[in-house]
Amino acid sequence: MLAISMPMAAQTTYQDQLNAKDREIAELKKQLAIKQAKQKLLTAPNLMPSVLFTKNSSVINDSQMASIEMLAKYAKKNTASVIEVRAFASNDEENADLLCKKRAETVISVLSTKYKVPVHQLNAAPYGATAVLYDVTEYNRVVLFNDNKK
(Lines give C-alpha, C1' and ligand atoms only; values in the text may rest on other atoms or scores of the structure.)
Protein backbone atom coordinates (compact mmCIF):
# COMPACT_ATOMS: atom_id res chain seq x y z
CA MET A 1 0.00 0.00 0.00
CA LEU A 2 1.32 3.41 -0.96
CA ALA A 3 1.12 6.06 1.73
CA ILE A 4 0.92 9.69 0.68
CA SER A 5 2.35 12.15 3.10
CA MET A 6 1.65 15.85 3.20
CA PRO A 7 3.66 18.54 4.90
CA MET A 8 2.34 19.32 8.41
CA ALA A 9 1.17 22.83 7.42
CA ALA A 10 -0.86 21.40 4.54
CA GLN A 11 -2.44 18.79 6.84
CA THR A 12 -3.45 21.50 9.32
CA THR A 13 -4.95 23.67 6.59
CA TYR A 14 -6.79 20.70 5.11
CA GLN A 15 -8.15 19.73 8.57
CA ASP A 16 -9.23 23.32 9.18
CA GLN A 17 -11.11 23.28 5.89
CA LEU A 18 -12.80 20.00 6.81
CA ASN A 19 -13.78 21.37 10.20
CA ALA A 20 -15.19 24.51 8.60
CA LYS A 21 -17.22 22.41 6.16
CA ASP A 22 -18.50 20.23 9.04
CA ARG A 23 -19.66 23.37 10.87
CA GLU A 24 -21.32 24.66 7.71
CA ILE A 25 -23.13 21.34 7.19
CA ALA A 26 -24.29 21.32 10.82
CA GLU A 27 -25.63 24.88 10.49
CA LEU A 28 -27.45 24.03 7.25
CA LYS A 29 -28.99 20.94 8.87
CA LYS A 30 -30.16 23.09 11.77
CA GLN A 31 -31.70 25.66 9.40
CA LEU A 32 -33.42 22.89 7.45
CA ALA A 33 -34.86 21.34 10.63
CA ILE A 34 -36.22 24.73 11.73
CA LYS A 35 -37.75 25.34 8.31
CA GLN A 36 -39.34 21.87 8.25
CA ALA A 37 -40.71 22.32 11.78
CA LYS A 38 -42.10 25.74 10.83
CA GLN A 39 -43.76 24.28 7.72
CA LYS A 40 -45.30 21.45 9.74
CA LEU A 41 -46.55 23.85 12.40
CA LEU A 42 -48.07 26.21 9.86
CA THR A 43 -50.06 23.46 8.20
CA ALA A 44 -50.88 21.19 11.14
CA PRO A 45 -53.07 23.19 13.59
CA ASN A 46 -56.63 22.32 12.72
CA LEU A 47 -58.53 24.32 15.34
CA MET A 48 -59.05 28.03 14.83
CA PRO A 49 -58.86 29.66 18.27
CA SER A 50 -55.57 31.10 19.40
CA VAL A 51 -54.49 32.83 22.59
CA LEU A 52 -52.03 35.74 22.41
CA PHE A 53 -49.78 36.79 25.29
CA THR A 54 -47.88 39.93 26.17
CA LYS A 55 -44.08 39.90 26.25
CA ASN A 56 -42.54 37.74 29.02
CA SER A 57 -45.97 36.82 30.39
CA SER A 58 -48.04 33.67 30.79
CA VAL A 59 -51.08 35.57 32.11
CA ILE A 60 -54.18 35.27 29.94
CA ASN A 61 -55.74 38.67 29.24
CA ASP A 62 -59.53 38.99 29.40
CA SER A 63 -59.57 39.73 25.66
CA GLN A 64 -58.34 36.17 25.02
CA MET A 65 -60.99 34.37 27.05
CA ALA A 66 -63.41 34.12 24.11
CA SER A 67 -60.91 31.88 22.30
CA ILE A 68 -60.54 29.65 25.34
CA GLU A 69 -64.30 29.43 25.78
CA MET A 70 -64.69 28.49 22.10
CA LEU A 71 -62.13 25.72 22.52
CA ALA A 72 -63.84 24.49 25.70
CA LYS A 73 -67.15 24.18 23.83
CA TYR A 74 -65.39 22.22 21.08
CA ALA A 75 -63.73 19.88 23.60
CA LYS A 76 -67.00 19.19 25.42
CA LYS A 77 -68.77 18.46 22.15
CA ASN A 78 -65.94 16.23 20.89
CA THR A 79 -65.20 14.08 23.92
CA ALA A 80 -62.93 11.68 21.98
CA SER A 81 -60.62 14.50 20.94
CA VAL A 82 -57.17 15.01 22.40
CA ILE A 83 -56.25 18.66 22.04
CA GLU A 84 -52.62 19.59 21.75
CA VAL A 85 -51.99 22.96 23.42
CA ARG A 86 -49.07 24.33 21.39
CA ALA A 87 -47.27 27.15 23.19
CA PHE A 88 -44.73 29.46 21.57
CA ALA A 89 -42.55 32.42 22.49
CA SER A 90 -40.79 35.13 20.53
CA ASN A 91 -37.01 35.23 20.30
CA ASP A 92 -36.84 38.41 22.38
CA GLU A 93 -38.51 36.89 25.47
CA GLU A 94 -36.55 35.83 28.53
CA ASN A 95 -36.52 32.11 29.40
CA ALA A 96 -38.58 31.28 26.32
CA ASP A 97 -38.66 27.52 26.94
CA LEU A 98 -39.93 27.92 30.50
CA LEU A 99 -42.35 30.63 29.40
CA CYS A 100 -43.86 28.34 26.76
CA LYS A 101 -44.36 25.62 29.32
CA LYS A 102 -46.10 28.09 31.66
CA ARG A 103 -48.32 29.37 28.84
CA ALA A 104 -49.46 25.85 27.96
CA GLU A 105 -50.04 25.00 31.63
CA THR A 106 -52.00 28.22 32.20
CA VAL A 107 -54.32 27.56 29.27
CA ILE A 108 -54.83 23.94 30.36
CA SER A 109 -55.55 25.09 33.90
CA VAL A 110 -58.24 27.53 32.75
CA LEU A 111 -59.80 24.95 30.43
CA SER A 112 -59.89 22.28 33.14
CA THR A 113 -60.90 24.40 36.15
CA LYS A 114 -63.14 27.13 34.76
CA TYR A 115 -64.65 25.21 31.84
CA LYS A 116 -64.38 21.67 33.27
CA VAL A 117 -62.65 20.19 30.23
CA PRO A 118 -61.21 16.81 31.30
CA VAL A 119 -57.43 16.96 31.63
CA HIS A 120 -57.05 13.71 29.65
CA GLN A 121 -58.30 15.67 26.61
CA LEU A 122 -55.50 18.23 26.88
CA ASN A 123 -51.83 17.77 26.05
CA ALA A 124 -49.22 20.50 26.68
CA ALA A 125 -46.74 21.02 23.84
CA PRO A 126 -44.31 23.86 24.57
CA TYR A 127 -42.26 24.64 21.47
CA GLY A 128 -40.02 27.45 22.78
CA ALA A 129 -38.62 30.27 20.69
CA THR A 130 -36.92 27.98 18.18
CA ALA A 131 -40.18 27.47 16.30
CA VAL A 132 -40.75 30.87 14.74
CA LEU A 133 -44.18 30.85 13.17
CA TYR A 134 -44.58 34.42 12.00
CA ASP A 135 -42.36 37.23 10.78
CA VAL A 136 -43.98 39.69 13.22
CA THR A 137 -42.31 39.02 16.58
CA GLU A 138 -45.39 39.68 18.71
CA TYR A 139 -47.45 37.07 16.83
CA ASN A 140 -45.10 34.33 18.05
CA ARG A 141 -46.28 34.86 21.66
CA VAL A 142 -49.18 32.54 21.14
CA VAL A 143 -50.87 29.28 22.04
CA LEU A 144 -52.42 27.35 19.15
CA PHE A 145 -54.56 24.22 19.28
CA ASN A 146 -54.67 20.99 17.33
CA ASP A 147 -57.10 18.10 17.65
CA ASN A 148 -54.89 15.04 17.32
CA LYS A 149 -57.90 12.79 16.66
CA LYS A 150 -58.76 14.58 13.38
# chains A, B, ... in the order shown; residues from 1 in each chain; ligands from 1

$ residues_around --residues "region 85-93 of chain A" --least-positions-apart "6" --cutoff "9 Å" --atoms "only C-alpha atoms" --output "PyMOL selection string"
chain A and resi 45+53+55-57+99-105+107-108+122-133+137-146

$ write_last_selection --atoms "N, CA, C and O atoms" --output "tab-separated table (two decimals), in the first residue's frame"
chain	number	residue	atom	x	y	z
A	45	PRO	N	-51.97	22.86	12.68
A	45	PRO	CA	-53.07	23.19	13.59
A	45	PRO	C	-54.40	23.18	12.86
A	45	PRO	O	-54.55	23.81	11.82
A	53	PHE	N	-50.32	36.38	24.00
A	53	PHE	CA	-49.78	36.79	25.29
A	53	PHE	C	-48.93	38.05	25.11
A	53	PHE	O	-48.40	38.30	24.03
A	55	LYS	N	-45.49	40.27	26.14
A	55	LYS	CA	-44.08	39.90	26.25
A	55	LYS	C	-43.74	39.45	27.68
A	55	LYS	O	-44.11	40.09	28.65
A	56	ASN	N	-43.02	38.32	27.76
A	56	ASN	CA	-42.54	37.74	29.02
A	56	ASN	C	-43.65	37.42	30.00
A	56	ASN	O	-43.44	37.45	31.21
A	57	SER	N	-44.84	37.10	29.50
A	57	SER	CA	-45.97	36.82	30.39
A	57	SER	C	-46.66	35.52	30.00
A	57	SER	O	-46.74	35.15	28.83
A	99	LEU	N	-41.16	29.81	29.64
A	99	LEU	CA	-42.35	30.63	29.40
A	99	LEU	C	-43.39	29.87	28.57
A	99	LEU	O	-44.58	29.92	28.87
A	100	CYS	N	-42.94	29.15	27.57
A	100	CYS	CA	-43.86	28.34	26.76
A	100	CYS	C	-44.54	27.29	27.60
A	100	CYS	O	-45.75	27.05	27.46
A	101	LYS	N	-43.78	26.65	28.44
A	101	LYS	CA	-44.36	25.62	29.32
A	101	LYS	C	-45.42	26.24	30.22
A	101	LYS	O	-46.51	25.69	30.38
A	102	LYS	N	-45.13	27.40	30.78
A	102	LYS	CA	-46.10	28.09	31.66
A	102	LYS	C	-47.34	28.50	30.89
A	102	LYS	O	-48.46	28.42	31.40
A	103	ARG	N	-47.17	28.96	29.66
A	103	ARG	CA	-48.32	29.37	28.84
A	103	ARG	C	-49.24	28.18	28.58
A	103	ARG	O	-50.45	28.27	28.71
A	104	ALA	N	-48.65	27.06	28.21
A	104	ALA	CA	-49.46	25.85	27.96
A	104	ALA	C	-50.17	25.42	29.24
A	104	ALA	O	-51.37	25.11	29.22
A	105	GLU	N	-49.44	25.41	30.35
A	105	GLU	CA	-50.04	25.00	31.63
A	105	GLU	C	-51.15	25.95	32.06
A	105	GLU	O	-52.17	25.51	32.60
A	107	VAL	N	-53.14	27.79	30.11
A	107	VAL	CA	-54.32	27.56	29.27
A	107	VAL	C	-55.02	26.26	29.69
A	107	VAL	O	-56.24	26.22	29.82
A	108	ILE	N	-54.25	25.22	29.92
A	108	ILE	CA	-54.83	23.94	30.36
A	108	ILE	C	-55.54	24.11	31.70
A	108	ILE	O	-56.63	23.57	31.91
A	122	LEU	N	-56.41	17.12	27.13
A	122	LEU	CA	-55.50	18.23	26.88
A	122	LEU	C	-54.05	17.76	27.02
A	122	LEU	O	-53.70	17.08	27.96
A	123	ASN	N	-53.23	18.17	26.07
A	123	ASN	CA	-51.83	17.77	26.05
A	123	ASN	C	-50.95	19.01	25.83
A	123	ASN	O	-51.06	19.65	24.79
A	124	ALA	N	-50.11	19.34	26.80
A	124	ALA	CA	-49.22	20.50	26.68
A	124	ALA	C	-48.09	20.20	25.70
A	124	ALA	O	-47.47	19.14	25.76
A	125	ALA	N	-47.82	21.15	24.82
A	125	ALA	CA	-46.74	21.02	23.84
A	125	ALA	C	-46.00	22.35	23.73
A	125	ALA	O	-46.27	23.15	22.84
A	126	PRO	N	-45.07	22.61	24.66
A	126	PRO	CA	-44.31	23.86	24.57
A	126	PRO	C	-43.21	23.76	23.51
A	126	PRO	O	-42.39	22.85	23.55
A	127	TYR	N	-43.22	24.68	22.57
A	127	TYR	CA	-42.26	24.64	21.47
A	127	TYR	C	-41.06	25.57	21.66
A	127	TYR	O	-40.08	25.44	20.97
A	128	GLY	N	-41.13	26.53	22.57
A	128	GLY	CA	-40.02	27.45	22.78
A	128	GLY	C	-39.92	28.48	21.68
A	128	GLY	O	-40.80	28.62	20.84
A	129	ALA	N	-38.82	29.20	21.68
A	129	ALA	CA	-38.62	30.27	20.69
A	129	ALA	C	-37.96	29.76	19.41
A	129	ALA	O	-37.79	30.50	18.47
A	130	THR	N	-37.58	28.50	19.38
A	130	THR	CA	-36.92	27.98	18.18
A	130	THR	C	-37.90	27.80	17.03
A	130	THR	O	-37.51	27.82	15.88
A	131	ALA	N	-39.17	27.65	17.35
A	131	ALA	CA	-40.18	27.47	16.30
A	131	ALA	C	-40.81	28.83	16.01
A	131	ALA	O	-41.79	29.22	16.63
A	132	VAL	N	-40.23	29.56	15.09
A	132	VAL	CA	-40.75	30.87	14.74
A	132	VAL	C	-41.83	30.69	13.68
A	132	VAL	O	-41.58	30.26	12.57
A	133	LEU	N	-43.05	31.03	14.07
A	133	LEU	CA	-44.18	30.85	13.17
A	133	LEU	C	-44.38	32.02	12.22
A	133	LEU	O	-44.69	31.85	11.06
A	137	THR	N	-42.76	39.59	15.30
A	137	THR	CA	-42.31	39.02	16.58
A	137	THR	C	-43.45	38.79	17.55
A	137	THR	O	-43.56	37.72	18.15
A	138	GLU	N	-44.32	39.77	17.72
A	138	GLU	CA	-45.39	39.68	18.71
A	138	GLU	C	-46.35	38.53	18.44
A	138	GLU	O	-46.95	37.99	19.35
A	139	TYR	N	-46.52	38.15	17.19
A	139	TYR	CA	-47.45	37.07	16.83
A	139	TYR	C	-46.96	35.71	17.31
A	139	TYR	O	-47.73	34.76	17.38
A	140	ASN	N	-45.67	35.60	17.60
A	140	ASN	CA	-45.10	34.33	18.05
A	140	ASN	C	-45.34	34.07	19.54
A	140	ASN	O	-45.01	33.02	20.04
A	141	ARG	N	-45.93	35.02	20.23
A	141	ARG	CA	-46.28	34.86	21.66
A	141	ARG	C	-47.70	34.33	21.73
A	141	ARG	O	-48.64	35.04	22.09
A	142	VAL	N	-47.85	33.07	21.39
A	142	VAL	CA	-49.18	32.54	21.14
A	142	VAL	C	-49.30	31.09	21.60
A	142	VAL	O	-48.32	30.37	21.71
A	143	VAL	N	-50.53	30.69	21.85
A	143	VAL	CA	-50.87	29.28	22.04
A	143	VAL	C	-51.86	28.92	20.93
A	143	VAL	O	-52.86	29.62	20.72
A	144	LEU	N	-51.56	27.86	20.21
A	144	LEU	CA	-52.42	27.35	19.15
A	144	LEU	C	-52.91	25.97	19.56
A	144	LEU	O	-52.34	25.32	20.44
A	145	PHE	N	-53.94	25.48	18.89
A	145	PHE	CA	-54.56	24.22	19.28
A	145	PHE	C	-54.69	23.29	18.09
A	145	PHE	O	-54.96	23.72	16.97
A	146	ASN	N	-54.52	22.01	18.36
A	146	ASN	CA	-54.67	20.99	17.33
A	146	ASN	C	-55.39	19.79	17.92
A	146	ASN	O	-55.04	19.31	19.00

$ atom_distance --atom1 "CA of Asp62 (chain A)" --atom2 "CA of Lys76 (chain A)"
21.5 Å

$ closest_residue --among "A:Lys30, A:His120, A:Arg23, A:Lys114" --to "Ile83 (chain A)" --atoms "only C-alpha atoms"
A:His120

$ atom_distance --atom1 "CA of Gln121 (chain A)" --atom2 "CA of Ile68 (chain A)"
14.2 Å
